[in-house]
Amino acid sequence: MPDTEQNLIQHAQKGDHEAFAALVAEHQRFVYNLALRILKNEEEALDLAQETFVRAWTALPNFRGQSQFRTWLYRIVTNLCYNRLPNLRRALNDLGDDAISEIAETDIDFDNPAHGFESLELRSYLYKAIDELDENYSLLISLRYQNELSYEEIASTLNLPLGTVKTGLFRAKEQLRHSLERYQEAVWTIP
Amino acid sequence: MDNPLTPEQQSVLIEDSLHTYPIVSMPRDITADVMARIQTIPAPRPFSLTWNEVALAIIFSMCIGAIWFSLYHLPPIAIAQLRKESVLLYQHILVNASWLIPAFSFGLAGFLSALIIPYLRRELMK
């Protein structure tokens with residue numbers, strides 16, 4: 001029988017350590033990445049990732065499969081982050097619920113050879129800007145783009161209104177846009 | 001850089017960077033560490049009630065029900081008598097055994113602490 005995730009979860013719920021080890025091996029990278037983006041510290045992120053799986057083991061009997069296992073893990077990660085960063089929860093709630101109906105997510109190929117070097121340089125700069133986003137924006141960006149959750153899944157994971165999630169992502173992108181503009185102005189003014 | 005990017009190009013670049021933002025690799029595999037930590041934790045078991053717990057719950061419920069039933073079905077004179085006796089007892093304690101109330105309060109606090117402190121210690125030691 002193939003070891004599907006569902007099988008592994010069922011075995012782990014019955015106390016099977018090997019099944020749980022397989023789940024840890026499968027999900028640790030994404031859990032660690034999410035923790036790292038929020039905490040911005042490798043050691044703390046590793047510690048939090050371990051803590052997440054220990055909590056998951058003790059809470060596994062309560063996992064009913066209503067959400068995906070990975071989103072359930074991300075919820076544990078964010079709850080542990082709330083404990084370590086007491087202001088994170090407030091910062092997320094303070095995002096508010098502006099009237100942002102839809103966020104345009106363009107899917108245009110930027111690999112135009114004419115812009116190759118320029119886009120590479122700008123992209124590196126943007127990666128740095130993403131690294132430096134506030135924790136609340138980092139959390140939303142990471143869940144959306146690295147962990148590939150839908151807006152609804154993010155809202156459910158963070159227990160936030162859907163509008164707040166959209167607002168947060170919109171503002172995160174606006175911050176990145178401002179960073180990009182500052183960078184361009186600096187480059188533009190260099191003789 | 002030839003020209004500043006238009007807002008549309010900025011959007012595309014930002015979106016592209018967000019989609020390609022690299023996922024870092026683990027500095028080390030944590031599976032062994034996690035498994036070592038959960039070895040000390042009893043295997044999870046689904047929530048279930050034992051027969052003892054059910055029996056206790058029934059007995060407690062019946063006691064509460066009996067008290068409620070008695071209070072609502074006692075003759076008014078008996079209730080008044082009870083109230084009078086309880087006031088007298090309270091006053092007797094206040095006058096003749098004033099140490100009893102703080103002793104009882106501290107005793108109750110000590111009992112609750114004895115119940116809670118071992119649990120808190122276990123949680124803090126984790």
# chains A, B, ... in the order shown; residues from 1 in each chain; ligands from 1
call {"tool": "interface_residues", "arguments": {"of": "chain B", "to": "chain A", "cutoff": "12 Å", "atoms": "only C-alpha atoms", "output": "MDAnalysis selection string"}}
result
chainID B and resid 1:48 126
call {"tool": "write_last_selection", "arguments": {"atoms": "C-alpha atoms", "output": "tab-separated table (two decimals), in the first residue's frame"}}
result
chain	number	residue	atom	x	y	z
B	1	MET	CA	19.59	50.94	-16.12
B	2	ASP	CA	17.93	52.38	-19.21
B	3	ASN	CA	14.62	53.74	-17.96
B	4	PRO	CA	12.66	53.62	-14.75
B	5	LEU	CA	10.02	50.90	-14.77
B	6	THR	CA	6.42	51.77	-15.42
B	7	PRO	CA	3.92	50.90	-12.63
B	8	GLU	CA	2.78	47.89	-14.66
B	9	GLN	CA	6.34	46.65	-15.01
B	10	GLN	CA	6.87	47.19	-11.30
B	11	SER	CA	3.81	45.07	-10.56
B	12	VAL	CA	5.04	42.33	-12.83
B	13	LEU	CA	8.50	42.38	-11.30
B	14	ILE	CA	7.14	42.36	-7.73
B	15	GLU	CA	4.78	39.51	-8.52
B	16	ASP	CA	7.55	37.62	-10.25
B	17	SER	CA	9.92	38.10	-7.31
B	18	LEU	CA	7.28	36.93	-4.86
B	19	HIS	CA	6.65	33.79	-6.90
B	20	THR	CA	10.35	33.00	-7.30
B	21	TYR	CA	11.44	34.02	-3.79
B	22	PRO	CA	13.62	31.06	-2.85
B	23	ILE	CA	12.67	28.52	-0.21
B	24	VAL	CA	15.81	28.03	1.89
B	25	SER	CA	17.02	24.54	2.63
B	26	MET	CA	17.07	23.21	6.15
B	27	PRO	CA	20.39	23.82	7.93
B	28	ARG	CA	19.96	20.27	9.26
B	29	ASP	CA	17.33	17.56	9.34
B	30	ILE	CA	15.25	17.93	12.50
B	31	THR	CA	13.42	14.60	12.23
B	32	ALA	CA	15.75	12.84	14.69
B	33	ASP	CA	15.49	15.71	17.20
B	34	VAL	CA	11.71	15.75	17.00
B	35	MET	CA	11.49	11.97	17.37
B	36	ALA	CA	13.82	12.08	20.38
B	37	ARG	CA	11.60	14.70	22.00
B	38	ILE	CA	8.36	12.84	21.41
B	39	GLN	CA	9.79	9.56	22.77
B	40	THR	CA	9.23	10.99	26.24
B	41	ILE	CA	5.63	11.94	25.46
B	42	PRO	CA	3.02	9.20	25.76
B	43	ALA	CA	1.51	8.17	22.44
B	44	PRO	CA	-1.48	10.34	21.65
B	45	ARG	CA	-4.82	8.74	22.28
B	46	PRO	CA	-8.17	10.02	21.11
B	47	PHE	CA	-10.34	11.66	23.77
B	48	SER	CA	-12.39	9.03	25.54
B	126	LYS	CA	9.33	21.19	28.90
call {"tool": "select_by_dssp", "arguments": {"residues": "region 40-190 of chain A", "states": "helix (DSSP H, G or I)", "output": "number ranges by chain"}}
result
A: 42-62, 69-84, 86-93, 113-131, 135-146, 151-158, 162-189
call {"tool": "atom_distance", "arguments": {"atom1": "CA of Glu123 (chain B)", "atom2": "CA of Phe111 (chain B)"}}
result
19.4 Å
call {"tool": "closest_residue", "arguments": {"among": "A:Lys40, A:Arg70, A:His27, A:Lys166", "to": "Asp134 (chain A)", "atoms": "only C-alpha atoms"}}
result
A:Lys40
call {"tool": "closest_residue", "arguments": {"among": "A:Arg64, A:Ala45, A:Arg171, A:Ala91", "to": "Gln10 (chain A)", "atoms": "only C-alpha atoms"}}
result
A:Arg64
